[in-house]
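Read through the structure below, which is laid out as C-alpha cells, and then see the notes.
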Amino acid sequence: MPRFYEITPVRKCFKQIKKTAPAFCSCREEPGDSLVGNRLTCSCGEERKVYEWTWDAETTSSATRLILDNREIHFHPGFSNGTAIIRGNKPFVSGFDYYWEIKVLTPLYGTDVMIGVGTTKVDLQSSADRFCSLLGSNEESWGYSYLGVIQHKGRKVLYGQPFGHGSIIGLHLDMWKGTLEFYLNREPLGVAFASLHDRILYPMVCSTAAKSAMRITYCTSSPSNLQLMCLQSLSYDLGMTKQLRTVPFLRSQIDREYWWLFPPNKSEGSSQNGETDSSDTEDEDIDNDDYGLDSLASFCASLSGVSAGSEQADPVHQRLCMKRKRKSDIYSLSVAHNADYIVD
Ligand SMILES: [Zn+2]
C-alpha cells in the first residue's frame, strides 16, 4: 500500500513538510495602528486589476473591517476572542470556472486562518466567540488552512505548504466538474476537493488571529468550455505549453484570460517577484502571418506527435507540472478508495 494512504500523526507530517512558503514579493510592510498591525500595502500581483466580486459588507461583524472598496479585510481589529469569517458578495454558479487570488498581508498565527468556499448554510456567527478551524468544519464548507492542511466535513488532510505573510493563495473552482484547486504563489497544488457542483457557493475566508489582514488581488470567471479544458490539460505538459505560446492569438488569449493555468516559468521571466511579463509579451504579440502560420504548424505537428524542434525541458516547470499531476492523482485515488491520509 502506498505511503500516502497511511494515517500520519500530524506532528510527524509537519516536521516532514514544512516550512511556511516565502512571500510572493520582497516588499516591506507598512506600520499599522492600534487596530491593525503592520501590513503589506504594495500592489505586487495585482497588475491585472480584475475584480468581479468583493467581500460582502453585509456579512461583516464587529470582528471584521473592510477597506479598499471592500477588497481588503482586517480580522479582529485590536484583539481576538473567536473566529471571524466573511464571504464574497457574488455566488459561484454551475457552468462557470472561477479563479481568484488572495494575498496575506500580515503574519499568521494561532488556531487557524483559512481560505475556501462555503454554501449559504454556513453560519457566519456560529463561532464568533470560539477559536476553531471554521471552513470545512462541516459539509457546508471547504477550506485550506495556513498550516498546510485542507478540511471538509471536519476531516483534515495534509495538502500543501503552509502559507503566511506575503503569500498569494489562488483558487480555481470548476463548477462544471465540481473541483477546487489551490495555488500557492502561482504554483498549482493539485485538486483538493471534488463533488462541489450542483450547489451555490461563495468565496470565504476566516481567521482567529488578531490584527490579521488579507486582500483580494484578482478574481475572474469564464464559462466552462472545451477551450479551457484543453488548455488545462495541456498546461501539464512543458513542451506543449511552449508550443501554445508560440501561436500569437493563443498566446495573447492565454496572457489575458488563462495566465493562471500555467505554472511560473522562471526561464521566461516569471511574475514570481511581482513583476508582470505582460509588457514583453505585448511587444512580441505582433500579428505576423508567416510567424503565426509557422508557429501554428509547429504546434499542430507537436499535437500529432511529430517532433517540433529541440525543446529543452525546463526543470522548474517540469517539477511543478509533475508535482501538480501527482497531487491530483494522489487525491483522486484517495477519494476513490475512501482512505485519506488524515491528520487529527
Ligand atoms: Zn510587494
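Each chain in the C-alpha cells gets a letter, A, B and so on, in the order shown; residues start at 1 in every chain, and ligands are counted from 1 in the order they appear.
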Please build the interface table for stretch 67-130 of chain A against stretch 37-48 of chain A with a cut-off of 10 Å, listing for each qualifying residue the nearest atom pair and the distance in Å to one decimal; count only C-alpha atoms, order rows by chain and increasing number, and write it as a tab-separated table.
residue	atom	partner	partner_atom	distance
A:His74	CA	A:Gly37	CA	9.4
A:Pro77	CA	A:Gly37	CA	8.6
A:Gly78	CA	A:Gly37	CA	8.6
A:Glu101	CA	A:Gly45	CA	9.0
A:Ile102	CA	A:Gly45	CA	9.7
A:Lys103	CA	A:Gly45	CA	8.5
A:Val104	CA	A:Leu40	CA	8.2
A:Leu105	CA	A:Leu40	CA	4.9
A:Thr106	CA	A:Arg39	CA	5.0
A:Pro107	CA	A:Arg39	CA	8.3
Would you save the residues from that selection as a tab-separated table (two decimals), in the first residue's frame, using N, CA and C atoms?
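So part_16.tsv came out as:
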chain	number	residue	atom	x	y	z
A	74	HIS	N	-9.78	43.22	7.37
A	74	HIS	CA	-8.99	43.19	8.59
A	74	HIS	C	-9.78	42.37	9.62
A	77	PRO	N	-9.79	43.57	14.64
A	77	PRO	CA	-9.05	44.80	14.96
A	77	PRO	C	-8.86	44.89	16.48
A	78	GLY	N	-7.66	45.13	16.89
A	78	GLY	CA	-7.39	45.23	18.33
A	78	GLY	C	-7.09	43.89	18.96
A	101	GLU	N	-7.55	35.25	-6.41
A	101	GLU	CA	-6.33	35.24	-5.60
A	101	GLU	C	-6.50	36.14	-4.39
A	102	ILE	N	-5.91	35.68	-3.31
A	102	ILE	CA	-5.97	36.43	-2.06
A	102	ILE	C	-4.57	36.55	-1.50
A	103	LYS	N	-4.16	37.78	-1.20
A	103	LYS	CA	-2.82	38.00	-0.64
A	103	LYS	C	-2.91	38.17	0.87
A	104	VAL	N	-2.05	37.45	1.57
A	104	VAL	CA	-2.00	37.55	3.03
A	104	VAL	C	-1.10	38.74	3.38
A	105	LEU	N	-1.64	39.70	4.09
A	105	LEU	CA	-0.92	40.97	4.31
A	105	LEU	C	-0.16	41.04	5.62
A	106	THR	N	-0.47	40.11	6.53
A	106	THR	CA	0.16	40.15	7.87
A	106	THR	C	0.66	38.77	8.25
A	107	PRO	N	1.51	38.69	9.27
A	107	PRO	CA	1.88	37.36	9.76
A	107	PRO	C	0.65	36.62	10.27
- [ ] May I have the residues within 10 Å of A:Ser62 as a ChimeraX atom specification, using only C-alpha atoms and disregarding those fewer than 6 positions away in the same chain?
- [x] /A:75-77,84,128
Task: Which residue of A:Asp237, A:Glu30, A:Glu187, A:Asp123 approaches A:Met204 most closely, using only C-alpha atoms - done: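 Among the listed residues, A:Asp123 lies closest to A:Met204.
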Task: Between atom CA of A:Val205 and atom CA of A:Pro188 - distance in Å to one decimal - done: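 Atom CA of A:Pro188 sits 19.3 Å away from atom CA of A:Val205.
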TODO: Find, counting only C-alpha atoms, the residue in A:Pro203, A:Gly136, A:Tyr144, A:Trp259 that gets nearest to A:Ile216.
DONE: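 That would be A:Pro203, the residue with the smallest distance to A:Ile216.
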Open item on the list: Given only C-alpha atoms and all ligand atoms as the basis, pick out the residue of A:Ile168, A:Leu147, A:Leu196, A:Ala21 nearest to ligand 1.
Closed with: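 Checking each of A:Ile168, A:Leu147, A:Leu196, A:Ala21 against ligand 1, counting only C-alpha atoms and all ligand atoms, the winner is A:Ile168.
Atom pair atom CA of A:Ser224 / atom CA of A:Val157: separated by 28.0 Å.
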Task: Nearest to ligand 1 by atom-to-atom distance, counting only C-alpha atoms and all ligand atoms, from A:Gly166, A:Gly239, A:Gly82, A:Gly178 - done: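 Of A:Gly166, A:Gly239, A:Gly82, A:Gly178, the one nearest ligand 1, counting only C-alpha atoms and all ligand atoms, is A:Gly166.
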Task: Non-local contacts of stretch 68-73 of chain A (7 Å; only C-alpha atoms; under 4 positions in same chain excluded) as an NGL selection string - done: :A and (54-55 or 57 or 64 or 213-216)
Task: Atomic separation - atom CA of A:Gly170 relative to atom CA of A:Ser133, Å - done: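 Separation between atom CA of A:Ser133 and atom CA of A:Gly170: 19.5 Å.
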Can you tell me which residues surround A:Thr179 at a distance of at most 8 Å, considering only C-alpha atoms, apart from same-chain residues fewer than 3 positions away, and format the answer as an mmCIF file with N, CA and C atoms, in the first residue's frame?
data_model
loop_
_atom_site.group_PDB
_atom_site.id
_atom_site.type_symbol
_atom_site.label_atom_id
_atom_site.label_comp_id
_atom_site.auth_asym_id
_atom_site.auth_seq_id
_atom_site.Cartn_x
_atom_site.Cartn_y
_atom_site.Cartn_z
ATOM 1 N N HIS A 172 -8.892 27.853 -7.935
ATOM 2 C CA HIS A 172 -9.581 27.578 -9.198
ATOM 3 C C HIS A 172 -10.765 26.669 -8.896
ATOM 4 N N LEU A 173 -11.953 27.228 -9.029
ATOM 5 C CA LEU A 173 -13.178 26.477 -8.781
ATOM 6 C C LEU A 173 -13.827 26.181 -10.124
ATOM 7 N N ASP A 174 -13.911 24.916 -10.457
ATOM 8 C CA ASP A 174 -14.541 24.486 -11.697
ATOM 9 C C ASP A 174 -15.944 24.004 -11.340
ATOM 10 N N MET A 175 -16.935 24.828 -11.620
ATOM 11 C CA MET A 175 -18.296 24.499 -11.206
ATOM 12 C C MET A 175 -18.980 23.547 -12.174
ATOM 13 N N VAL A 191 -5.716 19.198 -7.315
ATOM 14 C CA VAL A 191 -7.125 19.269 -6.905
ATOM 15 C C VAL A 191 -7.264 18.880 -5.436
ATOM 16 N N ALA A 192 -7.903 19.743 -4.675
ATOM 17 C CA ALA A 192 -8.073 19.492 -3.242
ATOM 18 C C ALA A 192 -9.430 18.854 -2.943
ATOM 19 N N PHE A 193 -10.472 19.324 -3.626
ATOM 20 C CA PHE A 193 -11.823 18.837 -3.341
ATOM 21 C C PHE A 193 -12.566 18.555 -4.643
ATOM 22 N N ALA A 194 -13.425 17.542 -4.585
ATOM 23 C CA ALA A 194 -14.272 17.225 -5.740
ATOM 24 C C ALA A 194 -15.733 17.227 -5.288
ATOM 25 N N SER A 195 -16.626 17.030 -6.237
ATOM 26 C CA SER A 195 -18.072 16.964 -5.963
ATOM 27 C C SER A 195 -18.640 18.261 -5.389
ATOM 28 N N LEU A 196 -18.168 19.381 -5.914
ATOM 29 C CA LEU A 196 -18.713 20.654 -5.434
ATOM 30 C C LEU A 196 -19.790 21.214 -6.364
ATOM 31 N N HIS A 197 -20.141 20.450 -7.433
ATOM 32 C CA HIS A 197 -21.140 21.007 -8.344
ATOM 33 C C HIS A 197 -22.549 20.863 -7.770
#
TODO: Using only C-alpha atoms and all ligand atoms, pick whichever of A:His152, A:Lys90, A:Arg130, A:His165 has the shortest atom-to-atom distance to ligand 1.
DONE: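 Of all the options, A:His165 lies closest to ligand 1.
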